[in-house]
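In what follows, a structure is listed as C-alpha cells, so that the remarks can point back to it.
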Amino acid sequence: MLHPILAQKRLFYGFMAGWITLFMGHTLFLSYQYLPFAEALVDAFIYNGVFMILSVALYFPLAYPEDCTSSAFNKKSFLYHAFHHITTGMVTLAIWLGASFFLASQLLSQNTEYLNFARSSLPMRAAFGGILIVLLISMYHFTSFYKHIEEKNTREEQLKKMLKEAELKALKAQLNPHFLFNSLNSISSLTISDPEAAREMLTLLSDFLRYALKRKEETLLPLREEIKNIQRYLEIERVRFGDRLNCEFNMHPDCLNVHVPAMLLQPLYENAIKHGLYESIDPVSIKTNCRSGNHILEISVSNTFDPESTPVKGEGVGLENIRSKLLLFYNRTDLLSIHRENNNFEVKIIIPKSRTK
Amino acid sequence: MKEQSNFSALIIDDEPPARAVVTSFLSQHPYIKIIGECGNGFEALKAIQEQKPDLIFLDVQMPKVSGLELLEVMDENPVVVFSTAYDQYALKAFEMSAVDYLLKPYSQSRFNQAMEKVLNQLHKGEKTDTKKLVQTHSQENQSTLERVVVKTGNKMHVIPVGKIRFIEANEDYVMIYAESSRHLKAQTMRFYETHLNNEQFVRIHRSYIVNVNFVERMEPYDKDTYVAVMNEGQRLKISRTGYRKLKETLNF
C-alpha cells in the first residue's frame, strides 16, 4: 500500500510546511517564556521530529483494517473502530512522549533547569499531542475517504460504459439485417398461404424486438423471461427453416425464478443458429439444460453442427459479449466454458445465485 | 401471352417459405412451369444438370455453398433471377454486372417487373452473364477465402483452403491440387494470390501458389534457383522473387 503523503507531492509539501511551522512556533514559544534559545531549539527539534516520523507511521495501523472505509458500517464495527483508533492514538502519544523525553534528557542531561521544565511540561505536551493526533487521524480518514469515493466513481463509470457497449452489441445482433429481412420475407410468404400464421409470426417478431429494446433499464431478469424471449427467437427461425431446426428445453422449474443478466443467453442461440443451422444441410438440434444447485445455476446450451462445413467469420463476438457481461455482474472470468466434440458444440454458463434478489 | 412457349424454372432457396413466395408469385405467369425446388446448392446442381431449366430463382445465402459459388461451378447457363435478404458484396456485384435481383421481401409487382426482363431474355435466347458477376463478386469481397467450391464430373465438392496443397496455372484456368484430388477451375492465379491467407499460401512462381504446410523441403535447381519438393513428391519451380517471398513467410 502506498502512503498517501509520500505518494503525492502536494500533500507531502503541505505536510512538511505544517511541521516546520509547528517547529518554529514551538521554538519561539519556549524561548520567549521558559528556556534559553538554544535549548528551546533542541527541544522543538526533538519533539517535533519524533512526532513527524510517528505521524507518517500512524497511517498504517489506521489503513490496514481494510473495511474502515467500507460503506457497510454497523454499530459493532463502529465500536471496534473507535476502540481501535483510541488505542492507536494513545500508544502513539506514549511512544512520542517517551522517546522525545528520553532523547532530550540524554542530550541535555547536565542541564537540571531543562530537565525540571521537561518533567513539569509533560501534561501540557500530552494535551497538545492528543489534539494533533486527533487532527492527523481525521486527515488520514478524509484522504482515504476521498480516494475511495474517487475510485468508486471511476469503477462505476467503467461498468456503465461496458454495459452500454454490451447493450449496443446485443441490439445490433437483434437488428441483424439478414435475420430481420428473411423473417419479413417469411411473413410475406405466410400472408399468402396462411394469414393466421403470418399474424402470429408478426407478433413473435414484434415481441422479440420489443424485448431487446425495452431491456435497456432493467439489468437482472428472471430466467423465465429470458427463456421466453429465446423461444420466440427460435420459433421465428423454425418458421423460416421448418423441420431443419429442432429445439429441446430441459429446465427444472426452480431455475426459472433465478435472476440473470438480461439478454445474457441470446448470443448462444444466435451462434447455434449461425454456425449450426445456417451452415448445415442436415437437421440441427439445439438443446438447453438447466439445473439449480445450492449457490449456482448451471445452464448448458448445445447444438449439433456439420464438422465438414468451413467456419464462418464472426465466431467469438457473441461469446466475448457473454464473458464481459459475466465479468461485469459477477466479477469472475471462470463462469463460461466451451466443449467441442465431434459434431456437438456446447457452452456452459454458471450463474452465482448470491447476486440475485 | 398469346404465342408464348413454356419455360421451365427451378427454385433454389434453403428457406421453404421463401420458395413458397416464388411459387405463389409465379401463378401469375402460367407460361413458366416449375420443375422443382431445391433447398441447397448440391441438390440444385444435380437438378440443373439433369433437368436443364431455362430459368432459375437463386438465393445467395445457403448452407455450405452459396448461390454465387454454385454459379462458379455450373456449366449450364440458365437465366438467373437472384434473391437475397442482405449481402453487401452480392448487392454490389449485382449492380456492377447489371443483373436483376430481388431484395427480400419483395412484392408481386416487383417480381413481375423482374419477370418481364427475364421473359425478354428467354425469348431472345440471352443468358445471364454469370462469369462477369462471379468475377466482380470475388473482387469486391476482400475477405480471406475459407473454402473453394469445385466440381468433379457432376458432383460438387467444398474444399476448405487448409486442404489445398498447391495451385498451378493452367492457361485460362487453375488446377487446384487438394489432399487427394485435383480440380480445374475457371479463376485467375492473381485472385488466389490476393484472397488466400498469405501466411499459409505463397506464390513461388508465375505458375505456382503453394501451401507452405505441404512443402517438404527445397532443393537447388541450378546455379541460383530452387525447386520446392512437396510431400507427395511433386517438384515445383521457385522463381527468384518467389524464393524471397517464401523466405519472408517461413522466416529462414
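Here's how to read the names in the C-alpha cells: chain A, B, ... by the order shown, residue numbers from 1 in each chain, ligand numbers from 1 in the order shown.
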Near-Pro16 in chain B list (7 Å; only C-alpha atoms; drop same-chain fewer than 2 positions) as a PDB file with C-alpha atoms, in the first residue's frame:
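File produced: selection-v7.pdb:
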ATOM      1  CA  ARG A 240     -38.061 -19.977 -41.690  1.00  0.00           C
ATOM      2  CA  PHE A 241     -36.395 -23.379 -41.701  1.00  0.00           C
TER       3      PHE A 241
ATOM      4  CA  ASP B  14     -32.946 -23.009 -48.248  1.00  0.00           C
ATOM      5  CA  ALA B  18     -39.115 -18.119 -49.418  1.00  0.00           C
ATOM      6  CA  ARG B  19     -39.662 -20.807 -52.065  1.00  0.00           C
ATOM      7  CA  ALA B  20     -43.407 -20.585 -51.458  1.00  0.00           C
TER       8      ALA B  20
END
So that each row is one residue of chain B with an atom at most 10 Å from chain A, can you give its shortest atom pair and the distance in Å to one decimal, using only C-alpha atoms, rows by chain and rising number, as a tab-separated table?
residue	atom	partner	partner_atom	distance
B:Asp14	CA	A:Phe241	CA	7.4
B:Glu15	CA	A:Phe241	CA	5.3
B:Pro16	CA	A:Phe241	CA	6.5
B:Pro17	CA	A:Ser186	CA	5.3
B:Ala18	CA	A:Ser186	CA	6.1
B:Arg19	CA	A:Ser189	CA	8.5
B:Ala20	CA	A:Ser189	CA	6.3
B:Val21	CA	A:Ser189	CA	4.9
B:Val22	CA	A:Ser189	CA	8.7
B:Thr23	CA	A:Ser189	CA	9.8
B:Ser24	CA	A:Ile192	CA	7.7
B:Phe25	CA	A:Ile192	CA	9.6
B:Gly39	CA	A:Ile281	CA	8.2
B:Asn40	CA	A:Ile281	CA	7.1
B:Gly41	CA	A:Ile281	CA	9.5
B:Phe42	CA	A:Ile281	CA	9.4
B:Gln61	CA	A:Tyr278	CA	8.6
B:Met62	CA	A:Tyr278	CA	7.0
B:Pro63	CA	A:Glu279	CA	4.2
B:Lys64	CA	A:Glu279	CA	5.4
B:Val65	CA	A:Glu279	CA	8.7
B:Thr84	CA	A:Asn182	CA	8.5
B:Ala85	CA	A:Phe181	CA	5.4
B:Tyr86	CA	A:His178	CA	5.4
B:Asp87	CA	A:His178	CA	7.8
B:Leu103	CA	A:Phe181	CA	8.8
B:Lys104	CA	A:Asn185	CA	5.6
B:Pro105	CA	A:Asn185	CA	4.3
B:Tyr106	CA	A:Asn185	CA	7.6
B:Ser107	CA	A:Ser188	CA	8.6
B:Ser143	CA	A:Lys313	CA	9.6
B:Thr144	CA	A:Lys313	CA	9.9
B:Glu146	CA	A:Thr310	CA	6.6
B:Arg147	CA	A:Thr310	CA	6.6
B:Val148	CA	A:Thr310	CA	9.9
B:Val158	CA	A:Ser309	CA	8.2
B:Ile159	CA	A:Thr310	CA	8.6
B:Pro160	CA	A:Thr310	CA	6.2
B:Val161	CA	A:Thr310	CA	9.0
Atom pair CA of Phe128 in chain A / CA of Ser100 in chain A: separation (Å):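 Rounded to one decimal, the two atoms are 14.1 Å apart.
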Residue with smallest distance to His157 in chain B - pool B:Val79, B:Leu250, B:Leu70, B:Val210, counting only C-alpha atoms: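 Counting only C-alpha atoms, the residue closest to His157 in chain B is B:Leu70.
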Contact residues around Phe166 in chain B with only C-alpha atoms at 9 Å, ignoring same-chain residues under 4 positions, as a ChimeraX atom specification: /B:175-178,201,208-212,214,230
Tyr226 in chain B surroundings by only C-alpha atoms, 8 Å radius, close-in-sequence under 4 positions cut, as a PyMOL selection string: chain B and resi 218-222+237-239+243
Contacts of range 93-97 of chain A within 12 Å, only C-alpha atoms, excl. fewer than 4 positions in-chain, as a PyMOL selection string: chain A and resi 43+46-55+57-58+86-89+101-105+118-119+121-134
DSSP-assigned strand (DSSP E or B) among range 30-239 of chain B, expressed as a compact mmCIF listing (two decimals) with C-alpha atoms, in the first residue's frame:
# COMPACT_ATOMS: atom_id res chain seq x y z
CA ILE B 32 -43.43 -20.68 -66.60
CA LYS B 33 -43.52 -24.25 -65.47
CA ILE B 34 -41.91 -25.04 -62.11
CA ILE B 35 -39.98 -28.26 -62.46
CA GLY B 36 -38.59 -28.42 -58.97
CA GLU B 37 -37.48 -26.84 -55.73
CA CYS B 38 -34.09 -27.26 -54.08
CA LEU B 55 -34.69 -20.20 -65.60
CA ILE B 56 -33.54 -20.47 -62.01
CA PHE B 57 -34.53 -18.47 -58.95
CA LEU B 58 -31.40 -18.44 -56.85
CA ASP B 59 -30.94 -17.38 -53.26
CA VAL B 79 -31.34 -17.21 -66.98
CA VAL B 80 -30.85 -16.39 -63.31
CA VAL B 81 -33.05 -14.34 -61.00
CA PHE B 82 -31.17 -13.70 -57.79
CA SER B 83 -32.71 -13.03 -54.46
CA THR B 84 -31.11 -12.01 -51.21
CA TYR B 101 -32.17 -9.22 -58.37
CA LEU B 102 -34.95 -9.33 -55.82
CA LEU B 103 -34.47 -7.93 -52.34
CA ARG B 147 -13.25 -22.56 -48.92
CA VAL B 148 -13.21 -23.30 -52.62
CA VAL B 149 -16.12 -24.95 -54.37
CA VAL B 150 -15.18 -27.30 -57.20
CA LYS B 151 -16.87 -29.89 -59.34
CA THR B 152 -15.72 -33.30 -60.46
CA LYS B 155 -20.60 -33.74 -58.09
CA MET B 156 -19.79 -30.61 -56.21
CA HIS B 157 -17.13 -30.54 -53.51
CA VAL B 158 -16.29 -27.95 -50.95
CA ILE B 159 -12.57 -27.80 -50.20
CA PRO B 160 -11.52 -25.95 -47.06
CA ILE B 164 -5.28 -27.22 -50.76
CA ARG B 165 -1.68 -28.34 -51.35
CA PHE B 166 -0.86 -26.08 -54.24
CA ILE B 167 -2.39 -24.32 -57.20
CA GLU B 168 -0.99 -24.47 -60.69
CA ALA B 169 -1.68 -22.04 -63.54
CA ASN B 170 -3.35 -23.74 -66.48
CA TYR B 173 -7.89 -21.96 -65.61
CA VAL B 174 -6.12 -23.01 -62.47
CA MET B 175 -5.54 -26.55 -61.33
CA ILE B 176 -6.20 -26.93 -57.64
CA TYR B 177 -4.34 -29.81 -56.03
CA ALA B 178 -6.21 -30.82 -52.89
CA ARG B 182 -7.20 -32.19 -58.26
CA HIS B 183 -9.73 -29.85 -59.80
CA LEU B 184 -9.76 -27.48 -62.71
CA LYS B 185 -11.39 -24.17 -62.00
CA PHE B 201 -0.02 -19.58 -49.20
CA VAL B 202 2.91 -18.19 -51.16
CA ARG B 203 3.16 -17.55 -54.86
CA ILE B 204 6.55 -19.09 -55.52
CA HIS B 205 6.43 -18.82 -59.29
CA TYR B 208 2.52 -21.91 -58.67
CA ILE B 209 0.97 -20.94 -55.35
CA VAL B 210 1.92 -23.38 -52.59
CA ASN B 211 0.53 -24.11 -49.17
CA VAL B 215 6.28 -28.21 -48.63
CA GLU B 216 8.69 -30.92 -47.59
CA ARG B 217 11.99 -29.29 -48.50
CA MET B 218 13.77 -27.12 -51.01
CA GLU B 219 16.49 -28.27 -53.36
CA PRO B 220 18.82 -26.27 -55.59
CA TYR B 221 17.72 -26.47 -59.21
CA ASP B 222 20.57 -24.76 -60.99
CA THR B 225 17.27 -21.17 -58.38
CA TYR B 226 15.48 -23.74 -56.29
CA VAL B 227 12.63 -26.22 -56.51
CA ALA B 228 10.10 -26.89 -53.77
CA VAL B 229 9.59 -30.59 -53.10
CA MET B 230 6.05 -31.24 -51.98
CA ARG B 235 8.79 -30.65 -57.67
CA LEU B 236 7.73 -27.06 -58.24
CA LYS B 237 9.99 -24.39 -59.63
CA ILE B 238 10.68 -21.37 -57.47
Nearest to Leu91 in chain B, chosen from B:Val134, B:Leu119, B:Ala9, B:Leu45, with only C-alpha atoms counted in the distances: B:Val134
Close residues, Glu235 in chain A itself excluded, 12 Å, only C-alpha atoms, min 6 positions apart in chain, as a ChimeraX atom specification: /A:183,197,200-205,207-208,227-229,241-243,245-248,269,273
List every residue of range 32-232 of chain B that DSSP, applied to the backbone of this structure, assigns to alpha helix (DSSP H), and report them as a PDB file with C-alpha atoms, in the first residue's frame.
ATOM      1  CA  GLY B  41     -26.611 -25.991 -53.732  1.00  0.00           C
ATOM      2  CA  PHE B  42     -25.847 -29.709 -54.002  1.00  0.00           C
ATOM      3  CA  GLU B  43     -29.420 -30.638 -54.836  1.00  0.00           C
ATOM      4  CA  ALA B  44     -29.576 -27.642 -57.125  1.00  0.00           C
ATOM      5  CA  LEU B  45     -26.543 -28.605 -59.194  1.00  0.00           C
ATOM      6  CA  LYS B  46     -27.909 -32.104 -59.670  1.00  0.00           C
ATOM      7  CA  ALA B  47     -31.327 -30.829 -60.683  1.00  0.00           C
ATOM      8  CA  ILE B  48     -29.850 -28.280 -63.078  1.00  0.00           C
ATOM      9  CA  GLN B  49     -27.659 -30.894 -64.740  1.00  0.00           C
ATOM     10  CA  GLU B  50     -30.467 -33.392 -65.071  1.00  0.00           C
ATOM     11  CA  GLN B  51     -33.384 -31.154 -65.960  1.00  0.00           C
ATOM     12  CA  GLY B  67     -25.700 -19.225 -54.692  1.00  0.00           C
ATOM     13  CA  LEU B  68     -22.710 -17.451 -56.195  1.00  0.00           C
ATOM     14  CA  GLU B  69     -20.428 -20.405 -55.527  1.00  0.00           C
ATOM     15  CA  LEU B  70     -22.945 -22.603 -57.288  1.00  0.00           C
ATOM     16  CA  LEU B  71     -22.682 -20.363 -60.331  1.00  0.00           C
ATOM     17  CA  GLU B  72     -18.893 -20.747 -60.297  1.00  0.00           C
ATOM     18  CA  VAL B  73     -19.107 -24.476 -60.964  1.00  0.00           C
ATOM     19  CA  GLN B  88     -23.424  -6.166 -49.333  1.00  0.00           C
ATOM     20  CA  TYR B  89     -20.896  -7.853 -51.623  1.00  0.00           C
ATOM     21  CA  ALA B  90     -23.530  -9.617 -53.657  1.00  0.00           C
ATOM     22  CA  LEU B  91     -25.546  -6.412 -53.995  1.00  0.00           C
ATOM     23  CA  LYS B  92     -22.541  -4.561 -55.297  1.00  0.00           C
ATOM     24  CA  ALA B  93     -21.779  -7.357 -57.747  1.00  0.00           C
ATOM     25  CA  PHE B  94     -25.372  -7.370 -58.989  1.00  0.00           C
ATOM     26  CA  GLU B  95     -25.283  -3.670 -59.578  1.00  0.00           C
ATOM     27  CA  MET B  96     -21.937  -3.714 -61.332  1.00  0.00           C
ATOM     28  CA  GLN B 108     -45.705  -9.195 -56.668  1.00  0.00           C
ATOM     29  CA  SER B 109     -45.319  -6.095 -58.825  1.00  0.00           C
ATOM     30  CA  ARG B 110     -41.556  -6.009 -58.279  1.00  0.00           C
ATOM     31  CA  PHE B 111     -41.490  -9.698 -59.115  1.00  0.00           C
ATOM     32  CA  ASN B 112     -43.494  -9.114 -62.290  1.00  0.00           C
ATOM     33  CA  GLN B 113     -41.090  -6.392 -63.310  1.00  0.00           C
ATOM     34  CA  ALA B 114     -38.179  -8.806 -62.987  1.00  0.00           C
ATOM     35  CA  MET B 115     -40.146 -11.424 -64.918  1.00  0.00           C
ATOM     36  CA  GLU B 116     -40.639  -9.021 -67.787  1.00  0.00           C
ATOM     37  CA  LYS B 117     -36.887  -8.726 -68.197  1.00  0.00           C
ATOM     38  CA  VAL B 118     -36.453 -12.455 -67.776  1.00  0.00           C
ATOM     39  CA  LEU B 119     -39.014 -13.209 -70.424  1.00  0.00           C
ATOM     40  CA  ASN B 120     -37.308 -10.862 -72.787  1.00  0.00           C
ATOM     41  CA  GLN B 121     -34.029 -12.671 -72.230  1.00  0.00           C
ATOM     42  CA  LEU B 122     -35.652 -16.087 -72.604  1.00  0.00           C
ATOM     43  CA  HIS B 123     -37.237 -15.163 -75.902  1.00  0.00           C
ATOM     44  CA  LYS B 124     -34.065 -13.680 -77.287  1.00  0.00           C
ATOM     45  CA  THR B 130     -22.719 -15.081 -64.640  1.00  0.00           C
ATOM     46  CA  LYS B 131     -18.984 -15.133 -65.342  1.00  0.00           C
ATOM     47  CA  LYS B 132     -18.753 -11.379 -65.031  1.00  0.00           C
ATOM     48  CA  LEU B 133     -20.946 -11.439 -61.948  1.00  0.00           C
ATOM     49  CA  VAL B 134     -18.863 -14.072 -60.209  1.00  0.00           C
ATOM     50  CA  GLN B 135     -15.739 -12.160 -61.068  1.00  0.00           C
ATOM     51  CA  THR B 136     -16.923  -8.820 -59.733  1.00  0.00           C
ATOM     52  CA  HIS B 137     -18.212 -10.529 -56.622  1.00  0.00           C
ATOM     53  CA  SER B 138     -14.896 -12.163 -55.882  1.00  0.00           C
ATOM     54  CA  GLN B 139     -13.112  -8.876 -56.489  1.00  0.00           C
ATOM     55  CA  GLU B 140     -15.439  -6.911 -54.264  1.00  0.00           C
ATOM     56  CA  MET B 189      -3.819 -17.014 -60.131  1.00  0.00           C
ATOM     57  CA  ARG B 190      -3.983 -13.346 -59.202  1.00  0.00           C
ATOM     58  CA  PHE B 191      -7.294 -13.969 -57.403  1.00  0.00           C
ATOM     59  CA  TYR B 192      -5.927 -16.765 -55.252  1.00  0.00           C
ATOM     60  CA  GLU B 193      -2.748 -14.876 -54.598  1.00  0.00           C
ATOM     61  CA  THR B 194      -4.731 -11.980 -53.119  1.00  0.00           C
ATOM     62  CA  HIS B 195      -7.565 -13.926 -51.473  1.00  0.00           C
TER      63      HIS B 195
END
Residues within 7 Å of range 343-353 of chain A, only C-alpha atoms, excluding chain neighbours under 2 positions, as a VMD selection string: chain A and resid 295 to 307 335 to 341 355 to 356
Gap from CA of Ala44 in chain A to CA of Thr27 in chain A - Å, one decimal: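 Atom-to-atom, CA of Ala44 in chain A and CA of Thr27 in chain A are spaced 5.5 Å apart.
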